[in-house]
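Engineer: Mind looking over this structure? Questions follow.
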Amino acid sequence: MKYIRAIFSGILVWFAVSISFYILEQIPVVKNSFFWQSIIVAILIVFFAIGAAKFYYLKNYKMSGLKLGIIMSLTALFLDVIITVPFVEIPNGRSYESFFTSPILWILAFVNAISVFLWRKLNNKKTPV
C-alpha cells in the first residue's frame with residue numbers, strides 16, 4: 001500500500017507541473033519564453049514535491065525521503081511517456097527524443113527528488129528511545 005501512495009504522490013506532482021506549464025503558456029509575459037516558464041516551474045516544483053510528500057507521510061510510512069522522491073520522479077516520467085509526449089508534445093511538432101533530451105526535464109526530476117529528500121531529512125521527527 002505504501003508504494004501505491006508513493007505513486008499517487010508522483011501523479012499529484014506530475015499533474016501540478018503539467019497544469020503549471022499550461023497556465024504559464026496562457027500568460028502573455030511568459031507565453032513565448034520556455035526559459036522563464038521552466039524557472040517558474042522549477043521553483044514551484046519544490047512546493048509541489050513537499051505537498052505530495054506531506055500527503056504521503058500522513059499515513060506515517062517510514063520510506064526514506066530519497067526513495068519517495070525517486071519514485072515520485074519516475075512516476076512523473078512514466079506519465080510523460082504515456083500522456084505528455086503523445087498528447088501534447090507530438091501534436092506540437094516535437095518528439096520523444098526532443099522531450100527526453102531536454103535538460104529542463106531532468107533538472108525538474110532532480111529538484112523534485114532532492115526537495116522530498118531534504119524536506120524529509122529536516123522534518124523527520126525522531127522519537128527518543
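Chain lettering (A, B, ...) mirrors the order of the C-alpha cells, residue numbering begins at 1 for each chain separately, and ligand numbering begins at 1 in order of display.
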So that I can check the surroundings of segment 79-91 of chain A, please list as JSON, numbers by chain every protein, DNA and RNA residue that reaches within 12 Å of it, counting only C-alpha atoms and ignoring chain neighbours fewer than 3 positions away.

Structural biologist: {"A": [7, 8, 10, 11, 12, 13, 14, 15, 17, 18, 19, 21, 22, 72, 73, 74, 75, 76, 94, 95, 96, 97, 98, 99, 100, 105, 109]}

Engineer: From a backbone DSSP assignment, name each residue in segment 6-119 of chain A labelled alpha helix (DSSP H), as an mmCIF file with N, CA, C and O atoms, in the first residue's frame.

Structural biologist:
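The resulting file, part.cif, is shown below:
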```
data_model
loop_
_atom_site.group_PDB
_atom_site.id
_atom_site.type_symbol
_atom_site.label_atom_id
_atom_site.label_comp_id
_atom_site.auth_asym_id
_atom_site.auth_seq_id
_atom_site.Cartn_x
_atom_site.Cartn_y
_atom_site.Cartn_z
ATOM 1 N N ALA A 6 2.874 6.245 -2.781
ATOM 2 C CA ALA A 6 4.038 6.946 -3.333
ATOM 3 C C ALA A 6 3.812 7.252 -4.810
ATOM 4 O O ALA A 6 4.119 8.357 -5.282
ATOM 5 N N ILE A 7 3.275 6.298 -5.536
ATOM 6 C CA ILE A 7 2.979 6.513 -6.959
ATOM 7 C C ILE A 7 1.905 7.591 -7.112
ATOM 8 O O ILE A 7 2.015 8.465 -7.972
ATOM 9 N N PHE A 8 0.896 7.550 -6.252
ATOM 10 C CA PHE A 8 -0.145 8.579 -6.311
ATOM 11 C C PHE A 8 0.444 9.961 -6.029
ATOM 12 O O PHE A 8 0.053 10.950 -6.651
ATOM 13 N N SER A 9 1.403 10.032 -5.110
ATOM 14 C CA SER A 9 2.079 11.303 -4.835
ATOM 15 C C SER A 9 2.803 11.805 -6.085
ATOM 16 O O SER A 9 2.799 12.999 -6.375
ATOM 17 N N GLY A 10 3.411 10.887 -6.832
ATOM 18 C CA GLY A 10 4.054 11.245 -8.100
ATOM 19 C C GLY A 10 3.055 11.752 -9.123
ATOM 20 O O GLY A 10 3.340 12.686 -9.879
ATOM 21 N N ILE A 11 1.888 11.137 -9.128
ATOM 22 C CA ILE A 11 0.822 11.586 -10.044
ATOM 23 C C ILE A 11 0.404 13.015 -9.688
ATOM 24 O O ILE A 11 0.182 13.844 -10.583
ATOM 25 N N LEU A 12 0.305 13.296 -8.404
ATOM 26 C CA LEU A 12 -0.055 14.654 -7.968
ATOM 27 C C LEU A 12 0.966 15.679 -8.452
ATOM 28 O O LEU A 12 0.596 16.749 -8.952
ATOM 29 N N VAL A 13 2.244 15.352 -8.319
ATOM 30 C CA VAL A 13 3.302 16.270 -8.769
ATOM 31 C C VAL A 13 3.238 16.446 -10.280
ATOM 32 O O VAL A 13 3.309 17.571 -10.791
ATOM 33 N N TRP A 14 3.112 15.351 -11.018
ATOM 34 C CA TRP A 14 3.033 15.424 -12.484
ATOM 35 C C TRP A 14 1.854 16.308 -12.907
ATOM 36 O O TRP A 14 1.991 17.157 -13.786
ATOM 37 N N PHE A 15 0.707 16.116 -12.263
ATOM 38 C CA PHE A 15 -0.479 16.894 -12.590
ATOM 39 C C PHE A 15 -0.243 18.378 -12.303
ATOM 40 O O PHE A 15 -0.563 19.236 -13.130
ATOM 41 N N ALA A 16 0.334 18.681 -11.150
ATOM 42 C CA ALA A 16 0.589 20.075 -10.779
ATOM 43 C C ALA A 16 1.569 20.739 -11.748
ATOM 44 O O ALA A 16 1.367 21.893 -12.157
ATOM 45 N N VAL A 17 2.616 20.028 -12.137
ATOM 46 C CA VAL A 17 3.599 20.584 -13.080
ATOM 47 C C VAL A 17 2.954 20.785 -14.451
ATOM 48 O O VAL A 17 3.154 21.825 -15.093
ATOM 49 N N SER A 18 2.176 19.820 -14.888
ATOM 50 C CA SER A 18 1.500 19.933 -16.192
ATOM 51 C C SER A 18 0.557 21.127 -16.226
ATOM 52 O O SER A 18 0.551 21.900 -17.192
ATOM 53 N N ILE A 19 -0.222 21.281 -15.177
ATOM 54 C CA ILE A 19 -1.149 22.416 -15.090
ATOM 55 C C ILE A 19 -0.371 23.737 -15.038
ATOM 56 O O ILE A 19 -0.766 24.725 -15.648
ATOM 57 N N SER A 20 0.751 23.744 -14.322
ATOM 58 C CA SER A 20 1.564 24.959 -14.234
ATOM 59 C C SER A 20 2.073 25.389 -15.607
ATOM 60 O O SER A 20 1.984 26.568 -15.965
ATOM 61 N N PHE A 21 2.604 24.434 -16.375
ATOM 62 C CA PHE A 21 3.071 24.775 -17.722
ATOM 63 C C PHE A 21 1.906 25.252 -18.588
ATOM 64 O O PHE A 21 2.049 26.209 -19.352
ATOM 65 N N TYR A 22 0.739 24.610 -18.465
ATOM 66 C CA TYR A 22 -0.425 25.032 -19.257
ATOM 67 C C TYR A 22 -0.817 26.469 -18.914
ATOM 68 O O TYR A 22 -1.041 27.291 -19.807
ATOM 69 N N ILE A 23 -0.884 26.771 -17.621
ATOM 70 C CA ILE A 23 -1.265 28.122 -17.201
ATOM 71 C C ILE A 23 -0.225 29.141 -17.658
ATOM 72 O O ILE A 23 -0.579 30.219 -18.159
ATOM 73 N N LEU A 24 1.052 28.811 -17.511
ATOM 74 C CA LEU A 24 2.107 29.748 -17.918
ATOM 75 C C LEU A 24 2.096 29.998 -19.427
ATOM 76 O O LEU A 24 2.466 31.085 -19.877
ATOM 77 N N PHE A 34 10.131 29.686 -22.973
ATOM 78 C CA PHE A 34 10.232 28.406 -22.277
ATOM 79 C C PHE A 34 11.212 28.506 -21.117
ATOM 80 O O PHE A 34 11.040 27.862 -20.084
ATOM 81 N N PHE A 35 12.233 29.345 -21.273
ATOM 82 C CA PHE A 35 13.214 29.541 -20.212
ATOM 83 C C PHE A 35 12.544 30.036 -18.928
ATOM 84 O O PHE A 35 12.748 29.472 -17.852
ATOM 85 N N TRP A 36 11.741 31.099 -19.025
ATOM 86 C CA TRP A 36 11.092 31.651 -17.836
ATOM 87 C C TRP A 36 10.017 30.722 -17.295
ATOM 88 O O TRP A 36 9.831 30.621 -16.082
ATOM 89 N N GLN A 37 9.306 30.048 -18.180
ATOM 90 C CA GLN A 37 8.337 29.055 -17.725
ATOM 91 C C GLN A 37 9.038 27.984 -16.898
ATOM 92 O O GLN A 37 8.554 27.577 -15.834
ATOM 93 N N SER A 38 10.195 27.538 -17.381
ATOM 94 C CA SER A 38 10.957 26.493 -16.685
ATOM 95 C C SER A 38 11.468 26.973 -15.333
ATOM 96 O O SER A 38 11.446 26.219 -14.356
ATOM 97 N N ILE A 39 11.943 28.208 -15.260
ATOM 98 C CA ILE A 39 12.419 28.766 -13.992
ATOM 99 C C ILE A 39 11.282 28.804 -12.979
ATOM 100 O O ILE A 39 11.447 28.398 -11.819
ATOM 101 N N ILE A 40 10.133 29.275 -13.419
ATOM 102 C CA ILE A 40 8.973 29.365 -12.521
ATOM 103 C C ILE A 40 8.551 27.975 -12.051
ATOM 104 O O ILE A 40 8.301 27.762 -10.857
ATOM 105 N N VAL A 41 8.478 27.026 -12.977
ATOM 106 C CA VAL A 41 8.082 25.668 -12.604
ATOM 107 C C VAL A 41 9.131 25.009 -11.714
ATOM 108 O O VAL A 41 8.788 24.264 -10.787
ATOM 109 N N ALA A 42 10.405 25.294 -11.937
ATOM 110 C CA ALA A 42 11.460 24.742 -11.079
ATOM 111 C C ALA A 42 11.302 25.234 -9.644
ATOM 112 O O ALA A 42 11.602 24.490 -8.697
ATOM 113 N N ILE A 43 10.836 26.444 -9.474
ATOM 114 C CA ILE A 43 10.568 26.961 -8.125
ATOM 115 C C ILE A 43 9.303 26.311 -7.558
ATOM 116 O O ILE A 43 9.277 25.852 -6.416
ATOM 117 N N LEU A 44 8.270 26.249 -8.377
ATOM 118 C CA LEU A 44 7.001 25.677 -7.924
ATOM 119 C C LEU A 44 7.115 24.198 -7.586
ATOM 120 O O LEU A 44 6.431 23.716 -6.665
ATOM 121 N N ILE A 45 7.949 23.465 -8.314
ATOM 122 C CA ILE A 45 8.026 22.024 -8.095
ATOM 123 C C ILE A 45 8.517 21.689 -6.688
ATOM 124 O O ILE A 45 8.165 20.643 -6.138
ATOM 125 N N VAL A 46 9.272 22.584 -6.080
ATOM 126 C CA VAL A 46 9.696 22.373 -4.690
ATOM 127 C C VAL A 46 8.463 22.284 -3.794
ATOM 128 O O VAL A 46 8.339 21.367 -2.975
ATOM 129 N N PHE A 47 7.530 23.199 -3.984
ATOM 130 C CA PHE A 47 6.312 23.207 -3.178
ATOM 131 C C PHE A 47 5.397 22.037 -3.525
ATOM 132 O O PHE A 47 4.772 21.449 -2.635
ATOM 133 N N PHE A 48 5.325 21.699 -4.818
ATOM 134 C CA PHE A 48 4.517 20.544 -5.225
ATOM 135 C C PHE A 48 5.063 19.265 -4.606
ATOM 136 O O PHE A 48 4.310 18.413 -4.120
ATOM 137 N N ALA A 49 6.379 19.108 -4.641
ATOM 138 C CA ALA A 49 7.023 17.907 -4.111
ATOM 139 C C ALA A 49 6.813 17.800 -2.601
ATOM 140 O O ALA A 49 6.494 16.720 -2.088
ATOM 141 N N ILE A 50 6.979 18.903 -1.901
ATOM 142 C CA ILE A 50 6.784 18.887 -0.448
ATOM 143 C C ILE A 50 5.325 18.600 -0.103
ATOM 144 O O ILE A 50 5.038 17.819 0.808
ATOM 145 N N GLY A 51 4.413 19.189 -0.844
ATOM 146 C CA GLY A 51 2.990 18.917 -0.620
ATOM 147 C C GLY A 51 2.641 17.460 -0.844
ATOM 148 O O GLY A 51 1.912 16.844 -0.048
ATOM 149 N N ALA A 52 3.178 16.878 -1.906
ATOM 150 C CA ALA A 52 2.917 15.465 -2.192
ATOM 151 C C ALA A 52 3.577 14.575 -1.138
ATOM 152 O O ALA A 52 3.023 13.548 -0.749
ATOM 153 N N ALA A 53 4.751 14.970 -0.660
ATOM 154 C CA ALA A 53 5.427 14.208 0.394
ATOM 155 C C ALA A 53 4.626 14.271 1.692
ATOM 156 O O ALA A 53 4.482 13.258 2.394
ATOM 157 N N LYS A 54 4.099 15.442 2.015
ATOM 158 C CA LYS A 54 3.256 15.565 3.213
ATOM 159 C C LYS A 54 2.047 14.644 3.099
ATOM 160 O O LYS A 54 1.665 13.987 4.069
ATOM 161 N N PHE A 55 1.447 14.607 1.914
ATOM 162 C CA PHE A 55 0.319 13.699 1.688
ATOM 163 C C PHE A 55 0.750 12.251 1.929
ATOM 164 O O PHE A 55 0.059 11.495 2.608
ATOM 165 N N TYR A 56 1.898 11.875 1.386
ATOM 166 C CA TYR A 56 2.386 10.505 1.537
ATOM 167 C C TYR A 56 2.608 10.152 3.010
ATOM 168 O O TYR A 56 2.183 9.102 3.486
ATOM 169 N N TYR A 57 3.257 11.027 3.737
ATOM 170 C CA TYR A 57 3.631 10.727 5.121
ATOM 171 C C TYR A 57 2.490 10.909 6.120
ATOM 172 O O TYR A 57 2.670 10.652 7.310
ATOM 173 N N GLY A 65 13.097 9.672 2.375
ATOM 174 C CA GLY A 65 12.718 10.775 1.506
ATOM 175 C C GLY A 65 13.300 10.643 0.112
ATOM 176 O O GLY A 65 12.652 10.965 -0.874
ATOM 177 N N LEU A 66 14.539 10.147 0.038
ATOM 178 C CA LEU A 66 15.159 9.984 -1.275
ATOM 179 C C LEU A 66 14.428 8.933 -2.101
ATOM 180 O O LEU A 66 14.146 9.143 -3.282
ATOM 181 N N LYS A 67 14.086 7.826 -1.478
ATOM 182 C CA LYS A 67 13.359 6.763 -2.188
ATOM 183 C C LYS A 67 11.997 7.271 -2.654
ATOM 184 O O LYS A 67 11.601 7.043 -3.798
ATOM 185 N N LEU A 68 11.292 7.984 -1.783
ATOM 186 C CA LEU A 68 9.998 8.548 -2.170
ATOM 187 C C LEU A 68 10.165 9.535 -3.313
ATOM 188 O O LEU A 68 9.405 9.501 -4.289
ATOM 189 N N GLY A 69 11.158 10.415 -3.222
ATOM 190 C CA GLY A 69 11.393 11.391 -4.278
ATOM 191 C C GLY A 69 11.696 10.737 -5.614
ATOM 192 O O GLY A 69 11.215 11.182 -6.658
ATOM 193 N N ILE A 70 12.473 9.668 -5.587
ATOM 194 C CA ILE A 70 12.794 8.947 -6.828
ATOM 195 C C ILE A 70 11.554 8.282 -7.392
ATOM 196 O O ILE A 70 11.302 8.349 -8.605
ATOM 197 N N ILE A 71 10.746 7.653 -6.540
ATOM 198 C CA ILE A 71 9.503 7.027 -7.016
ATOM 199 C C ILE A 71 8.579 8.071 -7.619
ATOM 200 O O ILE A 71 7.978 7.846 -8.682
ATOM 201 N N MET A 72 8.477 9.221 -6.962
ATOM 202 C CA MET A 72 7.618 10.288 -7.493
ATOM 203 C C MET A 72 8.124 10.781 -8.847
ATOM 204 O O MET A 72 7.336 10.975 -9.783
ATOM 205 N N SER A 73 9.438 10.963 -8.968
ATOM 206 C CA SER A 73 10.007 11.428 -10.238
ATOM 207 C C SER A 73 9.827 10.387 -11.337
ATOM 208 O O SER A 73 9.473 10.734 -12.477
ATOM 209 N N LEU A 74 10.049 9.113 -11.018
ATOM 210 C CA LEU A 74 9.865 8.053 -12.020
ATOM 211 C C LEU A 74 8.408 7.943 -12.455
ATOM 212 O O LEU A 74 8.127 7.705 -13.633
ATOM 213 N N THR A 75 7.492 8.129 -11.511
ATOM 214 C CA THR A 75 6.065 8.109 -11.851
ATOM 215 C C THR A 75 5.740 9.243 -12.820
ATOM 216 O O THR A 75 5.047 9.037 -13.825
ATOM 217 N N ALA A 76 6.246 10.425 -12.530
ATOM 218 C CA ALA A 76 6.009 11.576 -13.413
ATOM 219 C C ALA A 76 6.612 11.335 -14.799
ATOM 220 O O ALA A 76 5.987 11.648 -15.825
ATOM 221 N N LEU A 77 7.800 10.757 -14.844
ATOM 222 C CA LEU A 77 8.430 10.456 -16.137
ATOM 223 C C LEU A 77 7.625 9.425 -16.917
ATOM 224 O O LEU A 77 7.474 9.537 -18.139
ATOM 225 N N PHE A 78 7.095 8.427 -16.220
ATOM 226 C CA PHE A 78 6.256 7.426 -16.887
ATOM 227 C C PHE A 78 5.000 8.076 -17.469
ATOM 228 O O PHE A 78 4.603 7.777 -18.604
ATOM 229 N N LEU A 79 4.395 8.978 -16.701
ATOM 230 C CA LEU A 79 3.212 9.681 -17.209
ATOM 231 C C LEU A 79 3.566 10.581 -18.392
ATOM 232 O O LEU A 79 2.748 10.754 -19.301
ATOM 233 N N TYR A 96 9.553 12.385 -28.855
ATOM 234 C CA TYR A 96 10.054 11.784 -27.620
ATOM 235 C C TYR A 96 11.508 12.185 -27.392
ATOM 236 O O TYR A 96 11.908 12.509 -26.281
ATOM 237 N N GLU A 97 12.281 12.146 -28.470
ATOM 238 C CA GLU A 97 13.698 12.466 -28.347
ATOM 239 C C GLU A 97 13.911 13.903 -27.859
ATOM 240 O O GLU A 97 14.698 14.139 -26.932
ATOM 241 N N SER A 98 13.204 14.846 -28.449
ATOM 242 C CA SER A 98 13.394 16.241 -28.047
ATOM 243 C C SER A 98 12.920 16.460 -26.608
ATOM 244 O O SER A 98 13.528 17.232 -25.858
ATOM 245 N N PHE A 99 11.888 15.768 -26.208
ATOM 246 C CA PHE A 99 11.361 15.924 -24.853
ATOM 247 C C PHE A 99 12.325 15.337 -23.819
ATOM 248 O O PHE A 99 12.654 15.975 -22.826
ATOM 249 N N PHE A 100 12.773 14.113 -24.064
ATOM 250 C CA PHE A 100 13.589 13.418 -23.070
ATOM 251 C C PHE A 100 15.071 13.779 -23.118
ATOM 252 O O PHE A 100 15.828 13.367 -22.248
ATOM 253 N N PRO A 103 17.379 19.191 -21.020
ATOM 254 C CA PRO A 103 17.955 19.252 -19.670
ATOM 255 C C PRO A 103 16.939 19.721 -18.621
ATOM 256 O O PRO A 103 17.025 19.333 -17.458
ATOM 257 N N ILE A 104 15.976 20.508 -19.032
ATOM 258 C CA ILE A 104 14.971 21.026 -18.101
ATOM 259 C C ILE A 104 14.195 19.879 -17.459
ATOM 260 O O ILE A 104 13.933 19.888 -16.253
ATOM 261 N N LEU A 105 13.840 18.880 -18.241
ATOM 262 C CA LEU A 105 13.115 17.727 -17.709
ATOM 263 C C LEU A 105 13.894 17.065 -16.586
ATOM 264 O O LEU A 105 13.354 16.776 -15.518
ATOM 265 N N TRP A 106 15.164 16.852 -16.816
ATOM 266 C CA TRP A 106 15.993 16.151 -15.831
ATOM 267 C C TRP A 106 16.290 17.033 -14.631
ATOM 268 O O TRP A 106 16.393 16.537 -13.502
ATOM 269 N N ILE A 107 16.386 18.328 -14.847
ATOM 270 C CA ILE A 107 16.551 19.244 -13.720
ATOM 271 C C ILE A 107 15.306 19.213 -12.837
ATOM 272 O O ILE A 107 15.402 19.147 -11.606
ATOM 273 N N LEU A 108 14.131 19.242 -13.459
ATOM 274 C CA LEU A 108 12.887 19.188 -12.686
ATOM 275 C C LEU A 108 12.759 17.875 -11.915
ATOM 276 O O LEU A 108 12.340 17.870 -10.754
ATOM 277 N N ALA A 109 13.113 16.758 -12.543
ATOM 278 C CA ALA A 109 13.053 15.458 -11.863
ATOM 279 C C ALA A 109 14.016 15.440 -10.680
ATOM 280 O O ALA A 109 13.682 14.944 -9.591
ATOM 281 N N PHE A 110 15.212 15.998 -10.871
ATOM 282 C CA PHE A 110 16.208 16.053 -9.800
ATOM 283 C C PHE A 110 15.733 16.960 -8.664
ATOM 284 O O PHE A 110 15.832 16.591 -7.483
ATOM 285 N N VAL A 111 15.227 18.132 -8.994
ATOM 286 C CA VAL A 111 14.745 19.067 -7.978
ATOM 287 C C VAL A 111 13.606 18.438 -7.182
ATOM 288 O O VAL A 111 13.531 18.580 -5.955
ATOM 289 N N ASN A 112 12.737 17.703 -7.859
ATOM 290 C CA ASN A 112 11.642 17.025 -7.179
ATOM 291 C C ASN A 112 12.188 16.032 -6.152
ATOM 292 O O ASN A 112 11.812 16.068 -4.983
ATOM 293 N N ALA A 113 13.077 15.153 -6.586
ATOM 294 C CA ALA A 113 13.607 14.119 -5.695
ATOM 295 C C ALA A 113 14.392 14.736 -4.528
ATOM 296 O O ALA A 113 14.228 14.322 -3.371
ATOM 297 N N ILE A 114 15.219 15.714 -4.816
ATOM 298 C CA ILE A 114 16.026 16.342 -3.771
ATOM 299 C C ILE A 114 15.157 17.141 -2.797
ATOM 300 O O ILE A 114 15.424 17.168 -1.592
ATOM 301 N N SER A 115 14.103 17.766 -3.292
ATOM 302 C CA SER A 115 13.197 18.511 -2.408
ATOM 303 C C SER A 115 12.544 17.587 -1.390
ATOM 304 O O SER A 115 12.467 17.915 -0.198
ATOM 305 N N VAL A 116 12.081 16.432 -1.855
ATOM 306 C CA VAL A 116 11.463 15.468 -0.946
ATOM 307 C C VAL A 116 12.505 14.960 0.058
ATOM 308 O O VAL A 116 12.246 14.878 1.261
ATOM 309 N N PHE A 117 13.689 14.638 -0.437
ATOM 310 C CA PHE A 117 14.757 14.143 0.432
ATOM 311 C C PHE A 117 15.098 15.155 1.524
ATOM 312 O O PHE A 117 15.148 14.819 2.713
ATOM 313 N N LEU A 118 15.330 16.398 1.139
ATOM 314 C CA LEU A 118 15.719 17.421 2.110
ATOM 315 C C LEU A 118 14.587 17.745 3.076
ATOM 316 O O LEU A 118 14.814 17.926 4.283
ATOM 317 N N TRP A 119 13.365 17.819 2.567
ATOM 318 C CA TRP A 119 12.225 18.079 3.444
ATOM 319 C C TRP A 119 12.093 16.971 4.481
ATOM 320 O O TRP A 119 11.895 17.246 5.669
#
```

Engineer: Rounded to one decimal, what separation in Å do you get between atom CA of Arg5 of chain A and atom CA of Asn124 of chain A?

Structural biologist: 18.5 Å

Engineer: Please report the interatomic distance between atom CA of Gly93 of chain A and atom CA of Ser33 of chain A in Å with one decimal.

Structural biologist: 17.1 Å

Engineer: Which distance in Å separates atom CA of Met1 of chain A and atom CA of Met63 of chain A, to one decimal?

Structural biologist: 11.9 Å
